[in-house]
Each structure stands twice: as C-alpha cells, then as structure tokens.
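> Can you read through this structure? Questions will come right after.
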Amino acid sequence: MTTEMQEIAITEEKPLLTGQTDGAKKLKTHWRPCGRRPQEHSVETPHGVLHVTLHGTRTTRRPAILTFHDVGLDGKSCFSPLFKFDEMQEIVKNFTLIHIDAPGQEEGAAAYPTGFQYPSMDTVAEMIPSVLQFFNFRTVIGVGVGAGAYVLSKFTLANPDSVEGLVLINIDTNARGWMDWAAQKLTSVTSSLSEQILTHLFSQEELSANTELVQAHRDRISKASNLINVELLWKTYNSRRDLNIDRSSCTFKCPVMLVVGDQAPYEDAAVECNSKMDPTTTSFLKMADAGGLPQLTQPAKLTEAFKYFIQGMGYMASSCMTRLSRSRTTSLSSSYSMDGSRSRSRTLSQGSQGGQMPPSPSQTMEVSC
C-alpha cells in the first residue's frame, strides 16, 4: 500500500458489527482498505488482544481520532451518538476514527474465566501503541471518557510525540484515597454492580429522574453477557494510580480540552485536574444540562467545541461554526503555546460569530454552555 492519501466512504448509519467470536481472525498484518462498512479488527498487542473498530476517511495527512470508552460502556454505546450526529459528519469525512474497546468490553465478548487477571490501567495504556502501528498511524487526537480518559492520559504521558491533542471527558487523575476505598467497599455490599456503575456514569439528578438514558443503560449493563468482564474493569479502574499531573512541569505536551457536565459525578475531579494543567494549552468546558455523559446528552455543543479544538490545531480551518456560537452565553478564547517540535499554530478561538478567529489571551478557557 502506498503512503498516498486513500479515502474510504463509510456509511455512518450502518450499525457496527457486534461481538467478537472465539474464532475471530486475529489479524497480524497492517490494516488495508476493504469495503465501505465500519471494519472490526482484533489487534494483537504484547499484553493481549484488543477489539478495535475503524471507520471514516483514511488519510495519512492527518492524525486519526482515537477514542476510548468508560466503564460500563464500549466504543459503540459511548461514542456512536456523538460521531453519528449530523454536524459531526464534517469531521468524520476528514479523519479516520479508531474506537478501541478495553479488553473484554466489546458487545458480545466472551466472559473471562474465574481467576482471570485483568490488566492494570497502566498495562491497558501500553497496548495502544500496537493499535497505531497496526493501522500505520504516527499520531492521533485522543478522545476519552472516564476510565478511557485516564487510559489515554497515561498513553500520552508515555508517548508524547504520538498525541497531537486530547479531549478528556469526566477525567479523574487521582488515585482512590482510603475514604473512597472504604465507601466503595460499602457500596459494593449494598448495591448491585449495575447500580454502582450507573452512579459512576450519571448525575444524581439523572438517577433520581430515572431518565430514559439511565433506564437504557441499566437494562444494557444488567443483561450483558460479559458482566464479569465489566466488573473486572471496574475494579481495575478503582485501583488506578495517581497520574501526578503538575502545572509547573507542563506534564502534557499537547493541547488538552477538559469536558465535564454540570453536576456530573466527576465535576470536582475535572475542576481539580484543570487547576493542575498548563493554562496556555488547556481549555475547560463545563456543560450545563449535560448530566454525566455530555457526549450522549449534548452532542451538538460538544461537536461544536470539538471543531474549535481541531481548528486550533491547524485542521479544518474553513469549517463554519454556528450552533454553539448562537447558544453560548459567554464569549471566550484560549490560546495554545507552540510546542517546539510542532510547526502549526495551536489556538482555540471562539468568537461571537461562527468561524471568526479573534486574538486570544493565554488563559484557561472555562465556559458553561
């Protein structure tokens, strides 16, 4: 396969293929274009096999958009509503999307046997370079939610030259303290696994209202054939180590957008993470009426913010911004310092009119929209 740009028109409306059978072919060669449908792959890594779904336009001129889901979700349930959103199609047409499922978390995955040693969060992060190598991508833009945000952060810290930008939704960079550990132990006795995970995913307001989204995920999680796998990931995430983010050391070398819903379970954790980040390379988006999973409840606003973020990295400069500009209650901007190893300007600009790129002060962006 040549290194020239090759495009694949993917029909987003077609559902992702479900499950990974025991006889699934474990591909060991590099990915090759083969058809118009989303493509599922079993990618072998030094620490086991990852289920990966690829779709979008294949181009070596841009980084791939690589996603990683939260506990209780998979790539499909976590990101399909966002990337199938109408106004997101402009991005989908210009980037390759790579959705990674954590080990054993894909829909229909076989349950792990009793006593199976699930990989740590650090180990899961170490599996990602094999995915980039498999698809011949040098760099990515990471989009992670919850546990996925943590994993992508670990990957970025270990491989700074492989990540051009990070979108971290509901990030918690801290290890569990003793009080958190004790509370979790008590909750595990008094609540079912599905209820524990729902409390992790949704705000108290959403749980009290028992919204349709909460009901749908409660039903999906409780009936999952791989529930034991979900529990293993849940325990592993709760055993995570501190990321040791420090503003003074400029921990992340790429632009980062932190996203959290107002009143979301990890709102305080995201605010704390923001306080530790370099304000010249970080934007903080707090979304009103978004609940615990803004990519599902507010895809329009998140799409618009994501477009601005990509524009700030030098891509899709001609993209027109409209929806968020009209609905925004606060006008703001954030400029990114230029990394010495990168040549393109990094400015995330949000003016009062879509598409305008006003001068931006060096400060952390914080907006409720």
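Each chain in the structure tokens gets a letter, A, B and so on, in the order shown; residues start at 1 in every chain, and ligands are counted from 1 in the order they appear.
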Pro46 (chain A): which residues within 12 Å, counting only C-alpha atoms, same-chain residues fewer than 3 positions away excluded, as a PyMOL selection string?
chain A and resi 43+49-50+119+123-131
> Enumerate, as an NGL selection string, the complete set of residues in region 62-204 of chain A that a backbone-based DSSP assignment places in strand (DSSP E or B).
:A and (64-68 or 96-101 or 140-145 or 163-169)
> Residues at most 6 Å from region 244-250 of chain A, counting only C-alpha atoms, excluding those fewer than 6 positions away in the same chain, as a list in words?
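That gives Lys276, Met277 and Asp278 of chain A.
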> So what do you get for CA of Asn226 (chain A) versus CA of Ala110 (chain A), distance-wise?
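Atom-to-atom, CA of Asn226 (chain A) to CA of Ala110 (chain A), that is 6.1 Å.
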> Can you pull out every residue within 6 Å of Arg240 (chain A), counting only C-alpha atoms, but drop anything in the same chain fewer than 2 positions away, and send it as a list in words?
Ala175, Tyr237 and Asn238 of chain A
> Just the residues within 10 Å of Ser222 (chain A), please, counting only C-alpha atoms, with nothing from its chain fewer than 2 positions along; format it as a list in words.
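These residues fall inside the cut-off: Gly72, Ser192, Leu193, Ser194, Glu195, His217, Arg218, Asp219, Arg220, Ala224, Ser225, Asn226 and Leu227 of chain A.
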> Would you save the residues of that selection, restricted to all heavy atoms, as an mmCIF file, in the first residue's frame?

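File out03.cif, as written:
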```cif
data_model
loop_
_atom_site.group_PDB
_atom_site.id
_atom_site.type_symbol
_atom_site.label_atom_id
_atom_site.label_comp_id
_atom_site.auth_asym_id
_atom_site.auth_seq_id
_atom_site.Cartn_x
_atom_site.Cartn_y
_atom_site.Cartn_z
ATOM 1 N N GLY A 72 -18.512 0.254 31.863
ATOM 2 C CA GLY A 72 -19.931 0.016 31.635
ATOM 3 C C GLY A 72 -20.379 0.344 30.224
ATOM 4 O O GLY A 72 -21.551 0.159 29.885
ATOM 5 N N SER A 192 -25.950 -3.331 43.681
ATOM 6 C CA SER A 192 -25.547 -4.244 42.610
ATOM 7 C C SER A 192 -24.472 -3.584 41.762
ATOM 8 O O SER A 192 -24.272 -2.363 41.800
ATOM 9 C CB SER A 192 -26.744 -4.595 41.737
ATOM 10 O OG SER A 192 -27.212 -3.445 41.045
ATOM 11 N N LEU A 193 -23.779 -4.388 40.964
ATOM 12 C CA LEU A 193 -22.733 -3.853 40.104
ATOM 13 C C LEU A 193 -23.299 -2.827 39.130
ATOM 14 O O LEU A 193 -22.694 -1.765 38.918
ATOM 15 C CB LEU A 193 -22.069 -4.991 39.332
ATOM 16 C CG LEU A 193 -21.018 -4.574 38.290
ATOM 17 C CD1 LEU A 193 -19.839 -3.882 38.962
ATOM 18 C CD2 LEU A 193 -20.559 -5.792 37.483
ATOM 19 N N SER A 194 -24.447 -3.123 38.543
ATOM 20 C CA SER A 194 -25.026 -2.194 37.570
ATOM 21 C C SER A 194 -25.349 -0.852 38.214
ATOM 22 O O SER A 194 -25.133 0.208 37.608
ATOM 23 C CB SER A 194 -26.281 -2.795 36.931
ATOM 24 O OG SER A 194 -27.254 -3.104 37.909
ATOM 25 N N GLU A 195 -25.838 -0.858 39.457
ATOM 26 C CA GLU A 195 -26.155 0.399 40.132
ATOM 27 C C GLU A 195 -24.883 1.165 40.482
ATOM 28 O O GLU A 195 -24.856 2.398 40.435
ATOM 29 C CB GLU A 195 -26.979 0.130 41.392
ATOM 30 C CG GLU A 195 -28.377 -0.398 41.112
ATOM 31 C CD GLU A 195 -29.179 0.527 40.203
ATOM 32 O OE1 GLU A 195 -29.122 1.766 40.409
ATOM 33 O OE2 GLU A 195 -29.852 0.021 39.285
ATOM 34 N N HIS A 217 -29.346 2.209 29.873
ATOM 35 C CA HIS A 217 -28.030 1.694 30.264
ATOM 36 C C HIS A 217 -28.139 0.720 31.431
ATOM 37 O O HIS A 217 -27.341 -0.229 31.515
ATOM 38 C CB HIS A 217 -27.094 2.854 30.594
ATOM 39 C CG HIS A 217 -26.543 3.542 29.376
ATOM 40 N ND1 HIS A 217 -25.512 3.025 28.638
ATOM 41 C CD2 HIS A 217 -26.913 4.691 28.759
ATOM 42 C CE1 HIS A 217 -25.257 3.829 27.612
ATOM 43 N NE2 HIS A 217 -26.092 4.844 27.667
ATOM 44 N N ARG A 218 -29.098 0.918 32.302
ATOM 45 C CA ARG A 218 -29.312 -0.054 33.381
ATOM 46 C C ARG A 218 -29.686 -1.414 32.781
ATOM 47 O O ARG A 218 -29.156 -2.457 33.183
ATOM 48 C CB ARG A 218 -30.400 0.427 34.331
ATOM 49 C CG ARG A 218 -30.718 -0.602 35.439
ATOM 50 C CD ARG A 218 -31.848 -0.140 36.330
ATOM 51 N NE ARG A 218 -31.421 0.923 37.227
ATOM 52 C CZ ARG A 218 -31.866 2.172 37.167
ATOM 53 N NH1 ARG A 218 -32.761 2.503 36.228
ATOM 54 N NH2 ARG A 218 -31.448 3.085 38.014
ATOM 55 N N ASP A 219 -30.583 -1.389 31.827
ATOM 56 C CA ASP A 219 -31.015 -2.632 31.189
ATOM 57 C C ASP A 219 -29.881 -3.282 30.414
ATOM 58 O O ASP A 219 -29.672 -4.495 30.487
ATOM 59 C CB ASP A 219 -32.184 -2.329 30.248
ATOM 60 C CG ASP A 219 -32.781 -3.583 29.638
ATOM 61 O OD1 ASP A 219 -33.342 -4.398 30.390
ATOM 62 O OD2 ASP A 219 -32.683 -3.746 28.403
ATOM 63 N N ARG A 220 -29.094 -2.458 29.697
ATOM 64 C CA ARG A 220 -27.997 -2.999 28.890
ATOM 65 C C ARG A 220 -26.915 -3.621 29.771
ATOM 66 O O ARG A 220 -26.430 -4.718 29.502
ATOM 67 C CB ARG A 220 -27.397 -1.888 28.025
ATOM 68 C CG ARG A 220 -26.287 -2.345 27.095
ATOM 69 C CD ARG A 220 -25.698 -1.170 26.334
ATOM 70 N NE ARG A 220 -25.231 -0.147 27.246
ATOM 71 C CZ ARG A 220 -24.075 -0.206 27.909
ATOM 72 N NH1 ARG A 220 -23.265 -1.246 27.742
ATOM 73 N NH2 ARG A 220 -23.706 0.770 28.717
ATOM 74 N N ALA A 224 -25.869 -7.762 30.256
ATOM 75 C CA ALA A 224 -24.672 -8.007 29.459
ATOM 76 C C ALA A 224 -24.136 -9.414 29.704
ATOM 77 O O ALA A 224 -24.027 -9.856 30.853
ATOM 78 C CB ALA A 224 -23.598 -6.979 29.788
ATOM 79 N N SER A 225 -23.803 -10.111 28.629
ATOM 80 C CA SER A 225 -23.271 -11.465 28.762
ATOM 81 C C SER A 225 -21.849 -11.466 29.316
ATOM 82 O O SER A 225 -21.377 -12.480 29.839
ATOM 83 C CB SER A 225 -23.280 -12.166 27.394
ATOM 84 O OG SER A 225 -22.483 -11.447 26.460
ATOM 85 N N ASN A 226 -21.177 -10.325 29.217
ATOM 86 C CA ASN A 226 -19.798 -10.221 29.709
ATOM 87 C C ASN A 226 -19.725 -9.377 30.978
ATOM 88 O O ASN A 226 -18.763 -8.626 31.191
ATOM 89 C CB ASN A 226 -18.901 -9.606 28.627
ATOM 90 C CG ASN A 226 -19.333 -8.206 28.222
ATOM 91 O OD1 ASN A 226 -20.493 -7.833 28.400
ATOM 92 N ND2 ASN A 226 -18.419 -7.418 27.684
ATOM 93 N N LEU A 227 -20.742 -9.483 31.832
ATOM 94 C CA LEU A 227 -20.816 -8.648 33.031
ATOM 95 C C LEU A 227 -19.604 -8.861 33.935
ATOM 96 O O LEU A 227 -19.134 -7.929 34.591
ATOM 97 C CB LEU A 227 -22.114 -8.933 33.797
ATOM 98 C CG LEU A 227 -22.452 -7.965 34.945
ATOM 99 C CD1 LEU A 227 -22.563 -6.539 34.436
ATOM 100 C CD2 LEU A 227 -23.749 -8.384 35.620
#
```
> So which residues touch Ile141 (chain A) within 9 Å, counting only C-alpha atoms, skipping near sequence neighbours fewer than 3 positions away, as a PyMOL selection string?
chain A and resi 63-67+162-167+310
> What is the CA of His47 (chain A)-CA of Gln117 (chain A) distance in Å, reported with one decimal?
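Separation of CA of His47 (chain A) and CA of Gln117 (chain A): 11.5 Å.
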